[in-house]
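Data block for final.csv (CSV, C-alpha atoms):
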```csv
chain,number,residue,atom,x,y,z
X,30,MET,CA,-5.8,-24.3,20.9
X,31,LYS,CA,-7.8,-25.8,18.1
X,32,THR,CA,-6.0,-27.8,15.4
X,33,ASN,CA,-8.7,-27.9,12.8
X,34,VAL,CA,-8.9,-24.2,11.7
X,35,ASN,CA,-11.6,-23.1,9.3
X,36,LEU,CA,-10.0,-20.2,7.5
X,37,GLU,CA,-13.1,-19.6,5.4
X,38,ASP,CA,-15.7,-18.8,8.1
X,39,LEU,CA,-17.0,-15.5,6.7
X,40,LYS,CA,-19.0,-14.6,9.7
X,41,ILE,CA,-15.9,-14.5,11.8
X,42,ALA,CA,-13.7,-13.1,9.0
X,43,TYR,CA,-15.7,-9.9,8.6
X,44,SER,CA,-17.1,-9.6,12.2
X,45,ALA,CA,-15.2,-6.3,12.6
X,46,LYS,CA,-16.9,-4.7,9.6
X,47,ASN,CA,-20.4,-3.3,9.5
X,48,ASN,CA,-22.4,-3.5,6.2
X,49,GLN,CA,-21.1,-0.1,5.0
X,50,GLU,CA,-17.5,-1.0,5.6
X,51,LEU,CA,-18.0,-4.4,3.9
X,52,LYS,CA,-19.4,-2.8,0.8
X,53,PHE,CA,-16.7,-0.2,0.7
X,54,THR,CA,-14.0,-2.9,0.9
X,55,TYR,CA,-15.7,-4.7,-2.0
X,56,PHE,CA,-15.8,-1.5,-4.0
X,57,ILE,CA,-12.1,-0.8,-3.6
X,58,PHE,CA,-11.1,-4.4,-4.5
X,59,CYS,CA,-13.3,-4.1,-7.6
X,60,ILE,CA,-11.4,-1.0,-8.6
X,61,LEU,CA,-8.1,-2.7,-8.1
X,62,GLN,CA,-8.9,-5.5,-10.6
X,63,PHE,CA,-9.4,-3.0,-13.5
X,64,PRO,CA,-6.0,-1.8,-14.9
X,65,ARG,CA,-7.3,1.6,-16.1
X,66,LEU,CA,-8.8,2.5,-12.7
X,67,LEU,CA,-5.7,1.3,-10.9
X,68,LYS,CA,-3.6,3.4,-13.3
X,69,LEU,CA,-5.8,6.4,-12.4
X,70,LEU,CA,-5.3,5.9,-8.7
X,71,THR,CA,-1.6,5.5,-9.2
X,72,ALA,CA,-1.4,8.7,-11.3
X,73,CYS,CA,-3.3,10.6,-8.6
X,74,ALA,CA,-0.9,9.3,-6.0
X,75,THR,CA,2.2,10.2,-8.1
X,76,GLY,CA,0.8,13.6,-8.8
X,77,ILE,CA,0.6,14.3,-5.1
X,78,ILE,CA,4.3,13.5,-4.7
X,79,ASN,CA,5.8,15.0,-7.9
X,80,TYR,CA,3.5,17.9,-8.6
X,81,ARG,CA,1.8,18.6,-5.3
X,82,LEU,CA,-1.6,18.2,-6.8
X,83,PRO,CA,-4.5,18.7,-4.4
X,84,LEU,CA,-5.7,15.1,-4.6
X,85,GLN,CA,-5.1,13.9,-1.0
X,86,PHE,CA,-8.9,13.8,-0.3
X,87,PHE,CA,-9.4,11.4,-3.2
X,88,ILE,CA,-6.6,9.1,-2.0
X,89,LYS,CA,-7.7,9.4,1.6
X,90,LYS,CA,-11.2,8.2,0.9
X,91,THR,CA,-10.1,5.2,-1.2
X,92,ILE,CA,-7.0,3.1,-0.9
X,93,PHE,CA,-5.6,5.0,2.2
X,94,LYS,CA,-8.8,4.3,4.1
X,95,LEU,CA,-8.6,0.6,3.3
X,96,PHE,CA,-4.9,-0.1,3.7
X,97,CYS,CA,-3.9,2.5,6.4
X,98,SER,CA,-5.1,3.0,10.0
X,99,GLY,CA,-5.2,6.8,9.8
X,100,GLU,CA,-3.0,9.9,9.6
X,101,THR,CA,-2.3,10.2,13.3
X,102,LEU,CA,-1.2,8.0,16.2
X,103,ASP,CA,-4.5,8.4,17.9
X,104,ASP,CA,-6.2,7.2,14.7
X,105,ALA,CA,-4.0,4.1,14.8
X,106,PHE,CA,-4.7,3.4,18.4
X,107,ARG,CA,-8.4,3.5,17.8
X,108,VAL,CA,-7.9,0.7,15.2
X,109,ILE,CA,-5.6,-1.2,17.6
X,110,LYS,CA,-8.3,-1.2,20.3
X,111,LYS,CA,-11.0,-2.2,17.8
X,112,LEU,CA,-8.9,-5.1,16.6
X,113,ASP,CA,-8.1,-6.1,20.2
X,114,ASN,CA,-11.9,-6.7,20.7
X,115,TYR,CA,-11.5,-9.6,18.2
X,116,LYS,CA,-8.2,-10.9,19.7
X,117,VAL,CA,-6.3,-9.6,16.6
X,118,LEU,CA,-3.1,-7.9,17.5
X,119,SER,CA,-1.4,-5.0,15.6
X,120,VAL,CA,2.0,-4.3,14.2
X,121,LEU,CA,2.2,-0.5,14.4
X,122,ASP,CA,4.2,1.2,11.7
X,123,TYR,CA,4.9,4.9,11.3
X,124,VAL,CA,5.1,5.3,7.5
X,125,SER,CA,7.7,7.8,6.4
X,126,GLU,CA,9.3,7.1,3.0
X,127,GLY,CA,11.4,9.3,0.8
X,128,GLU,CA,12.8,11.7,3.4
X,129,LYS,CA,16.6,11.9,3.1
X,130,ASN,CA,18.2,14.1,5.7
X,131,GLN,CA,19.6,13.6,9.2
X,132,VAL,CA,16.9,15.8,10.8
X,133,ALA,CA,14.2,13.5,9.4
X,134,TYR,CA,16.0,10.4,10.6
X,135,THR,CA,16.3,11.7,14.1
X,136,LYS,CA,12.7,12.7,14.1
X,137,ASN,CA,11.6,9.3,12.8
X,138,THR,CA,13.7,7.6,15.6
X,139,ASP,CA,12.0,9.8,18.2
X,140,ILE,CA,8.5,9.0,16.8
X,141,ILE,CA,9.2,5.2,16.8
X,142,THR,CA,10.5,5.2,20.3
X,143,SER,CA,7.6,7.2,21.7
X,144,ASN,CA,5.2,4.9,19.9
X,145,ILE,CA,6.9,1.9,21.6
X,146,VAL,CA,6.6,3.5,25.0
X,147,ARG,CA,2.9,4.3,24.5
X,148,LEU,CA,2.2,0.9,23.1
X,149,GLY,CA,3.9,-0.8,26.0
X,150,LYS,CA,1.7,1.3,28.5
X,151,GLU,CA,-1.6,1.3,26.7
X,152,SER,CA,-1.7,-1.8,24.5
X,153,PRO,CA,0.8,-4.4,25.7
X,154,GLY,CA,1.2,-7.5,23.5
X,155,ASN,CA,1.2,-5.5,20.3
X,156,PHE,CA,4.2,-5.0,18.0
X,157,VAL,CA,6.1,-2.2,16.2
X,158,SER,CA,7.6,-2.4,12.7
X,159,VAL,CA,10.8,-0.5,11.9
X,160,LYS,CA,12.0,0.3,8.3
X,161,ILE,CA,15.7,1.1,8.5
X,162,SER,CA,15.5,3.0,5.2
X,163,GLY,CA,13.4,5.5,7.2
X,164,LEU,CA,16.4,6.0,9.5
X,165,GLU,CA,19.1,6.4,6.8
X,166,ASP,CA,19.4,7.1,3.1
X,167,PRO,CA,19.0,3.9,1.1
X,168,ALA,CA,21.8,5.2,-1.2
X,169,PHE,CA,24.2,5.2,1.8
X,170,LEU,CA,23.0,1.8,2.9
X,171,GLU,CA,23.7,0.4,-0.6
X,172,LYS,CA,27.1,2.1,-0.6
X,173,ILE,CA,28.2,0.5,2.7
X,174,ASN,CA,26.4,-2.8,2.1
X,175,GLY,CA,28.3,-5.8,3.4
X,176,ARG,CA,29.2,-7.5,6.7
X,177,GLU,CA,32.2,-5.4,7.5
X,178,ILE,CA,32.3,-1.9,9.2
X,179,PRO,CA,32.9,0.9,6.6
X,180,VAL,CA,36.6,1.9,6.3
X,181,GLU,CA,36.2,5.6,5.4
X,182,LEU,CA,36.0,7.7,8.5
X,183,SER,CA,33.0,9.7,7.4
X,184,ASP,CA,31.1,6.6,6.4
X,185,LYS,CA,32.2,4.9,9.7
X,186,MET,CA,30.9,7.7,11.8
X,187,ARG,CA,27.6,7.8,9.9
X,188,PHE,CA,27.2,4.1,10.2
X,189,GLU,CA,27.8,4.2,13.9
X,190,LYS,CA,25.2,6.9,14.2
X,191,LEU,CA,22.7,4.6,12.4
X,192,VAL,CA,23.5,1.8,14.8
X,193,GLU,CA,23.1,4.1,17.7
X,194,ARG,CA,19.6,5.0,16.4
X,195,ILE,CA,18.6,1.4,16.0
X,196,ASP,CA,20.0,0.4,19.4
X,197,HIS,CA,18.0,3.2,21.0
X,198,ILE,CA,14.9,1.8,19.4
X,199,CYS,CA,15.7,-1.8,20.5
X,200,SER,CA,16.6,-0.8,24.0
X,201,THR,CA,13.3,1.1,24.4
X,202,ALA,CA,11.5,-1.9,23.1
X,203,ALA,CA,13.2,-4.2,25.6
X,204,LYS,CA,12.4,-1.9,28.5
X,205,SER,CA,8.7,-1.5,27.3
X,206,ASN,CA,8.2,-5.2,26.7
X,207,VAL,CA,7.3,-4.5,23.1
X,208,VAL,CA,8.5,-6.8,20.2
X,209,ILE,CA,9.8,-5.1,17.1
X,210,PHE,CA,10.0,-6.3,13.5
X,211,ILE,CA,12.9,-5.0,11.5
X,212,ASP,CA,11.6,-4.8,7.9
X,213,ALA,CA,13.4,-6.3,4.9
X,214,GLU,CA,14.8,-4.0,2.2
X,215,ASP,CA,16.1,-4.2,-1.3
X,216,ARG,CA,18.8,-7.0,-1.7
X,217,CYS,CA,21.5,-4.4,-2.5
X,218,MET,CA,21.4,-3.1,1.1
X,219,GLN,CA,20.2,-6.2,3.0
X,220,ASP,CA,23.6,-7.6,4.1
X,221,VAL,CA,24.5,-4.5,6.3
X,222,LEU,CA,20.9,-4.5,7.7
X,223,ASP,CA,21.3,-8.2,8.6
X,224,LYS,CA,24.5,-7.5,10.4
X,225,ILE,CA,23.0,-4.7,12.5
X,226,THR,CA,19.9,-6.8,13.3
X,227,GLU,CA,22.0,-9.8,14.4
X,228,GLN,CA,23.9,-7.5,16.7
X,229,MET,CA,20.6,-6.2,18.2
X,230,MET,CA,19.3,-9.8,18.6
X,231,GLU,CA,22.4,-10.9,20.4
X,232,THR,CA,22.1,-8.0,22.8
X,233,TYR,CA,18.4,-8.0,23.5
X,234,ASN,CA,17.0,-11.5,22.7
X,235,LYS,CA,18.2,-13.3,25.8
X,236,LYS,CA,15.0,-14.9,27.1
X,237,TYR,CA,12.7,-14.3,24.1
X,238,ALA,CA,12.9,-12.4,20.8
X,239,VAL,CA,12.5,-8.7,21.3
X,240,VAL,CA,14.0,-8.0,17.9
X,241,PHE,CA,13.0,-9.9,14.7
X,242,ASN,CA,14.7,-9.9,11.3
X,243,THR,CA,12.6,-10.2,8.2
X,244,LEU,CA,13.6,-12.8,5.6
X,245,GLN,CA,12.2,-12.5,2.1
X,246,MET,CA,12.0,-16.1,1.0
X,247,TYR,CA,11.9,-15.3,-2.8
X,248,LEU,CA,15.6,-14.5,-2.4
X,249,ASN,CA,17.6,-17.7,-3.3
X,250,ASP,CA,20.1,-17.2,-0.4
X,251,ARG,CA,17.7,-16.9,2.5
X,252,LEU,CA,17.5,-20.6,3.5
X,253,GLU,CA,21.2,-20.6,3.8
X,254,TYR,CA,21.1,-17.4,5.8
X,255,LEU,CA,18.3,-18.9,8.0
X,256,ASN,CA,20.5,-21.9,8.9
X,257,PHE,CA,23.3,-19.4,9.7
X,258,LEU,CA,20.9,-17.7,12.2
X,259,VAL,CA,20.1,-21.0,13.8
X,260,LYS,CA,23.8,-21.7,14.2
X,261,GLU,CA,24.6,-18.3,15.6
X,262,ALA,CA,21.7,-18.4,18.1
X,263,LYS,CA,22.9,-21.8,19.4
X,264,GLU,CA,26.6,-20.8,19.7
X,265,LYS,CA,26.0,-17.3,21.2
X,266,LYS,CA,23.0,-18.4,23.3
X,267,TYR,CA,20.3,-16.0,22.3
X,268,ILE,CA,16.9,-16.3,20.6
X,269,SER,CA,16.7,-15.4,16.9
X,270,GLY,CA,13.5,-13.6,15.9
X,271,VAL,CA,12.6,-14.6,12.4
X,272,LYS,CA,9.8,-13.1,10.4
X,273,LEU,CA,9.1,-14.9,7.2
X,274,VAL,CA,7.6,-13.2,4.1
X,275,ARG,CA,7.6,-14.2,0.5
X,276,GLY,CA,8.8,-10.7,-0.8
X,277,ALA,CA,7.3,-7.8,-2.7
X,278,TYR,CA,9.9,-6.6,-5.2
X,279,VAL,CA,10.4,-9.4,-7.7
X,280,GLU,CA,10.5,-7.3,-10.9
X,281,LYS,CA,12.6,-4.6,-9.2
X,282,GLU,CA,15.2,-7.1,-8.0
X,283,ARG,CA,15.4,-8.7,-11.4
X,284,ALA,CA,15.8,-5.4,-13.2
X,285,ALA,CA,18.4,-4.2,-10.8
X,286,ALA,CA,20.5,-7.3,-11.2
X,287,ALA,CA,20.2,-7.2,-15.0
X,288,ALA,CA,21.3,-3.5,-15.1
X,289,LYS,CA,24.5,-4.6,-13.3
X,290,ASN,CA,24.9,-7.8,-15.3
X,291,LYS,CA,24.5,-9.9,-12.2
X,292,PRO,CA,22.5,-13.1,-11.6
X,293,SER,CA,19.0,-12.4,-10.3
X,294,PRO,CA,18.8,-12.8,-6.5
X,295,VAL,CA,15.2,-14.1,-6.7
X,296,PHE,CA,13.9,-17.5,-7.7
X,297,ASP,CA,12.7,-17.9,-11.3
X,298,THR,CA,9.3,-19.3,-10.4
X,299,LYS,CA,6.6,-18.8,-7.7
X,300,ALA,CA,6.7,-22.5,-7.0
X,301,GLU,CA,10.4,-22.2,-6.0
X,302,THR,CA,9.5,-19.3,-3.7
X,303,ASP,CA,6.6,-21.3,-2.2
X,304,ALA,CA,8.9,-24.2,-1.5
X,305,SER,CA,11.5,-21.9,0.0
X,306,PHE,CA,9.0,-20.3,2.3
X,307,ASP,CA,7.5,-23.6,3.5
X,308,ALA,CA,11.0,-25.0,4.0
X,309,ALA,CA,11.9,-22.0,6.1
X,310,VAL,CA,8.7,-22.5,8.2
X,311,GLU,CA,9.8,-26.0,9.1
X,312,VAL,CA,13.4,-25.0,9.8
X,313,CYS,CA,12.2,-22.3,12.3
X,314,LEU,CA,9.7,-24.5,14.1
X,315,LYS,CA,12.0,-27.5,14.2
X,316,ASN,CA,14.5,-25.2,16.0
X,317,HIS,CA,12.0,-23.6,18.3
X,318,SER,CA,14.4,-23.7,21.2
X,319,VAL,CA,16.5,-20.9,19.6
X,320,ILE,CA,14.0,-19.4,17.1
X,321,ASP,CA,10.8,-17.3,17.7
X,322,THR,CA,8.9,-17.2,14.5
X,323,CYS,CA,6.5,-14.9,12.7
X,324,VAL,CA,4.7,-16.4,9.7
X,325,ALA,CA,3.7,-13.3,7.7
X,326,SER,CA,1.7,-14.7,4.9
X,327,HIS,CA,-1.5,-14.3,2.9
X,328,ASN,CA,-1.2,-17.9,1.6
X,329,ALA,CA,-3.7,-20.2,3.3
X,330,LYS,CA,-1.6,-23.3,2.5
X,331,SER,CA,1.4,-21.9,4.2
X,332,ILE,CA,-0.6,-21.0,7.2
X,333,LEU,CA,-2.0,-24.5,7.5
X,334,TRP,CA,1.5,-25.9,7.0
X,335,ALA,CA,2.8,-23.8,9.8
X,336,ILE,CA,0.0,-25.1,12.1
X,337,GLU,CA,0.9,-28.6,11.1
X,338,CYS,CA,4.6,-28.0,11.9
X,339,ILE,CA,3.7,-26.6,15.3
X,340,GLU,CA,2.2,-30.0,16.1
X,341,LYS,CA,4.7,-32.0,14.2
X,342,HIS,CA,7.6,-30.4,16.2
X,343,GLN,CA,5.7,-30.1,19.4
X,344,VAL,CA,6.3,-26.4,19.8
X,345,PRO,CA,5.7,-25.4,23.5
X,346,ASP,CA,3.8,-22.2,24.3
X,347,ALA,CA,3.0,-21.9,20.6
X,348,TYR,CA,1.0,-18.6,21.1
X,349,HIS,CA,4.2,-16.8,22.0
X,350,LYS,CA,6.7,-18.8,20.0
X,351,VAL,CA,4.8,-18.7,16.7
X,352,ARG,CA,3.0,-15.6,15.4
X,353,PHE,CA,1.0,-15.0,12.3
X,354,SER,CA,0.5,-11.7,10.5
X,355,GLN,CA,-1.3,-10.2,7.5
X,356,LEU,CA,-1.5,-6.7,6.1
X,357,TYR,CA,-4.3,-4.4,7.2
X,358,GLY,CA,-7.1,-4.3,4.6
X,359,MET,CA,-6.3,-7.8,3.3
X,360,SER,CA,-7.0,-11.4,4.1
X,361,ASP,CA,-9.3,-10.9,7.0
X,362,ASN,CA,-10.4,-14.5,6.6
X,363,LEU,CA,-6.9,-15.6,7.7
X,364,SER,CA,-6.4,-13.0,10.5
X,365,PHE,CA,-9.8,-13.2,12.3
X,366,ASN,CA,-10.2,-17.0,12.0
X,367,LEU,CA,-6.7,-17.6,13.3
X,368,ALA,CA,-7.3,-15.3,16.2
X,369,ALA,CA,-10.6,-16.9,16.9
X,370,ALA,CA,-9.0,-20.3,17.0
X,371,GLY,CA,-6.5,-19.1,19.6
X,372,TYR,CA,-3.4,-18.3,17.5
X,373,ASN,CA,-1.2,-15.2,18.0
X,374,THR,CA,-2.3,-13.2,14.9
X,375,SER,CA,-1.7,-9.6,14.0
X,376,LYS,CA,-2.4,-7.0,11.3
X,377,TYR,CA,0.4,-4.8,9.9
X,378,LEU,CA,-1.0,-1.4,10.7
X,379,PRO,CA,0.6,1.6,8.9
X,380,TYR,CA,-0.3,5.2,9.8
X,381,GLY,CA,1.0,8.6,8.8
X,382,GLU,CA,0.5,11.6,6.6
X,383,ILE,CA,-1.1,10.7,3.3
X,384,LYS,CA,1.8,12.0,1.2
X,385,LYS,CA,4.4,10.0,3.1
X,386,ALA,CA,2.2,6.8,2.9
X,387,ILE,CA,1.8,7.0,-0.9
X,388,PRO,CA,4.8,4.7,-1.9
X,389,TYR,CA,3.4,2.1,0.5
X,390,LEU,CA,-0.1,2.5,-0.9
X,391,ILE,CA,1.0,2.2,-4.5
X,392,ARG,CA,2.8,-1.1,-3.6
X,393,ARG,CA,-0.3,-2.5,-1.9
X,394,ALA,CA,-2.5,-1.5,-4.9
X,395,GLU,CA,-0.2,-3.0,-7.5
X,396,GLU,CA,0.5,-6.1,-5.4
X,397,ASN,CA,-3.2,-6.8,-5.1
X,398,SER,CA,-3.8,-6.3,-8.8
X,399,SER,CA,-0.9,-8.5,-9.8
X,400,ILE,CA,-2.0,-11.5,-7.7
X,401,SER,CA,-5.1,-12.5,-9.7
X,402,GLY,CA,-6.0,-15.5,-7.6
X,403,GLN,CA,-5.8,-13.5,-4.4
X,404,MET,CA,-7.9,-10.7,-5.9
X,405,VAL,CA,-10.6,-13.2,-7.0
X,406,GLY,CA,-10.6,-14.8,-3.6
X,407,GLU,CA,-11.0,-11.5,-1.8
X,408,LEU,CA,-13.9,-10.4,-4.0
X,409,THR,CA,-15.6,-13.8,-3.8
X,410,ARG,CA,-15.5,-13.8,0.0
X,411,LEU,CA,-16.7,-10.2,0.3
X,412,LYS,CA,-19.5,-10.8,-2.1
X,413,ASN,CA,-20.6,-14.0,-0.3
X,414,GLU,CA,-20.6,-12.3,3.1
X,415,ILE,CA,-22.7,-9.4,1.7
X,416,TYR,CA,-25.2,-12.0,0.4
X,417,ARG,CA,-25.1,-14.0,3.6
X,418,ARG,CA,-26.0,-10.9,5.7
X,419,LYS,CA,-28.9,-10.0,3.3
X,420,GLU,CA,-30.2,-13.6,3.7
X,421,ALA,CA,-29.8,-13.5,7.5
X,422,ILE,CA,-32.2,-10.6,7.9
X,423,LYS,CA,-35.0,-11.9,5.6
```
Once more with this new file: its structure as structure tokens, please.
Amino acid sequence: MKTNVNLEDLKIAYSAKNNQELKFTYFIFCILQFPRLLKLLTACATGIINYRLPLQFFIKKTIFKLFCSGETLDDAFRVIKKLDNYKVLSVLDYVSEGEKNQVAYTKNTDIITSNIVRLGKESPGNFVSVKISGLEDPAFLEKINGREIPVELSDKMRFEKLVERIDHICSTAAKSNVVIFIDAEDRCMQDVLDKITEQMMETYNKKYAVVFNTLQMYLNDRLEYLNFLVKEAKEKKYISGVKLVRGAYVEKERAAAAAKNKPSPVFDTKAETDASFDAAVEVCLKNHSVIDTCVASHNAKSILWAIECIEKHQVPDAYHKVRFSQLYGMSDNLSFNLAAAGYNTSKYLPYGEIKKAIPYLIRRAEENSSISGQMVGELTRLKNEIYRRKEAIK
């Protein structure tokens, strides 16, 4: 495994894109940097959801094409196999947001488990992402949030049904040798999700982490919680799976806290979040005997810090103990260069019907437009690679 990783090798970064795909990606990122054009895209997406406007084709040919792997599982598997040619793994995610009925939750559970089985058979080594708010109503999760089992009989039975769904998913993953990442949610429901995920980790993470919990490090209590996970894993003799992200709902969390006259659960500054994230990376890698880690970041400094910590703490079998991950359609310079250097690296790969994917797509578009430094970096790299290819054929 190389220690000096060049994360800016553009030839490697865009090796999976032909000239047309490269120019298309550049075009979409150009759109995202203009507020009016972004507002138009968002309005089209919202119109599809709220007013059933026939604008799916427009969305499909723009942000959906860049940030999602397709509408069907077969579409996603074609992307998985393409990425595999470049040693980049995939985190398969069936996108289904906004459905709020028991029939949909059962259907989503069945789809996720069947995806796990197929992935284990056809593309071993890849991962599956699970969003628990796709298996139960977020309003119910907020209602029962806490670390205790609900008291009311109806709530208790509903909670037990949710745990049954998640256990079925985790059991299927263990049998199929597929690792799953439990996604993070809004802070108002995170405690109950933590409790369920801990239960799954204790059951299934005996030799290695089958189940990962996701920690959003912009939350000011997550370092304390991470230390709790380390302690629990040591005492109960299992491996904690920890996926580290910075977090994507800063303004939403602040507004929710203000509406309830509560202190904000997120740090006041990005610098504090960065420090929290990097501290968490070291806690995880220092405790590699009881922690399997996924560093899910688009921040090159944090990636290099994680690599430094791998060496500093002499992490054995680092390819399986430490994973890196980025979103599909973003930061190819990180993903492809890390993979080329021998690190376990994946792309988060959502797929599903366009209408169901729209909340995810809006988040991606707004997230890219709000991080000006990242947007400039993406555009600069794409522009330089387009120019490099033109010069190469002269």
_d(CA of Cys199 in chain X, CA of Thr232 in chain X) in Å_ =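 It comes out at 9.2 Å.
CA of Leu164 in chain X is found 26.1 Å from CA of Gly358 in chain X.
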_I'd like the interatomic distance between CA of Lys224 in chain X and CA of Lys160 in chain X, to a tenth of an Å._
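If I compute the distance from CA of Lys224 in chain X to CA of Lys160 in chain X, I get 14.9 Å.
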*Pick out the closest residue to Val108 in chain X from this set: X:Ala300, X:Leu95, X:Leu36, X:Leu378. Count all atoms listed in the file.*
X:Leu378
*Of the residues X:Leu248, X:Met229, X:Ala325, X:Ile332, which is the one nearest to Val279 in chain X, using only C-alpha atoms?*
X:Leu248
Closest atom pairs, residues of range 144-197 of chain X within 12 Å of range 350-356 of chain X, all atoms listed in the file, as CSV:
```
residue,atom,partner,partner_atom,distance
X:Gly154,CA,X:Arg352,CA,11.6
X:Asn155,CA,X:Arg352,CA,11.4
X:Phe156,CA,X:Ser354,CA,10.7
X:Ser158,CA,X:Ser354,CA,11.9
```
*asked:* Here is a test: counting all atoms listed in the file, which residue of X:Ile422, X:Leu121, X:Ser200, X:Pro388 is nearest to Arg147 in chain X?
replied: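 Of X:Ile422, X:Leu121, X:Ser200, X:Pro388, the one nearest Arg147 in chain X, counting all atoms listed in the file, is X:Leu121.
Using all atoms listed in the file for every distance, the candidate list X:Phe86, X:Phe93, X:Tyr115, X:Tyr267 yields X:Tyr115 as the residue closest to Asp361 in chain X.
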*For His317 in chain X, which residue out of X:Val259, X:Ile92, X:Ile141, X:Ala329 is the nearest one, using all atoms listed in the file?*
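Of the candidates, the smallest distance to His317 in chain X is held by X:Val259.
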*Just the residues within 10 Å of Leu244 in chain X, please, counting only C-alpha atoms, with nothing from its chain fewer than 3 positions along; format it as a list in words.*
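Near Leu244 in chain X, the qualifying residues are Ile211, Asp212, Ala213, Glu214, Gln219, Asp223, Phe241, Tyr247, Leu248, Asp250, Arg251, Leu252, Tyr254, Leu255, Val271, Lys272, Leu273, Val274, Arg275, Gly276, Phe306 and Ala309 of chain X.
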Using all atoms listed in the file, what does the table of range 103-174 of chain X residues within 12 Å of range 40-51 of chain X look like, with each row giving the shortest atom pair and its distance in Å to one decimal, sorted by chain and ascending number, as a Markdown table?
```
| residue | atom | partner | partner_atom | distance |
| --- | --- | --- | --- | --- |
| X:Val108 | CA | X:Ala45 | CA | 10.4 |
| X:Ile109 | CA | X:Ala45 | CA | 12.0 |
| X:Lys110 | CA | X:Ala45 | CA | 11.5 |
| X:Lys111 | CA | X:Ala45 | CA | 7.8 |
| X:Leu112 | CA | X:Ala45 | CA | 7.6 |
| X:Asp113 | CA | X:Ala45 | CA | 10.4 |
| X:Asn114 | CA | X:Ala45 | CA | 8.8 |
| X:Tyr115 | CA | X:Ala45 | CA | 7.5 |
| X:Lys116 | CA | X:Ala45 | CA | 11.0 |
| X:Val117 | CA | X:Ala45 | CA | 10.3 |
```
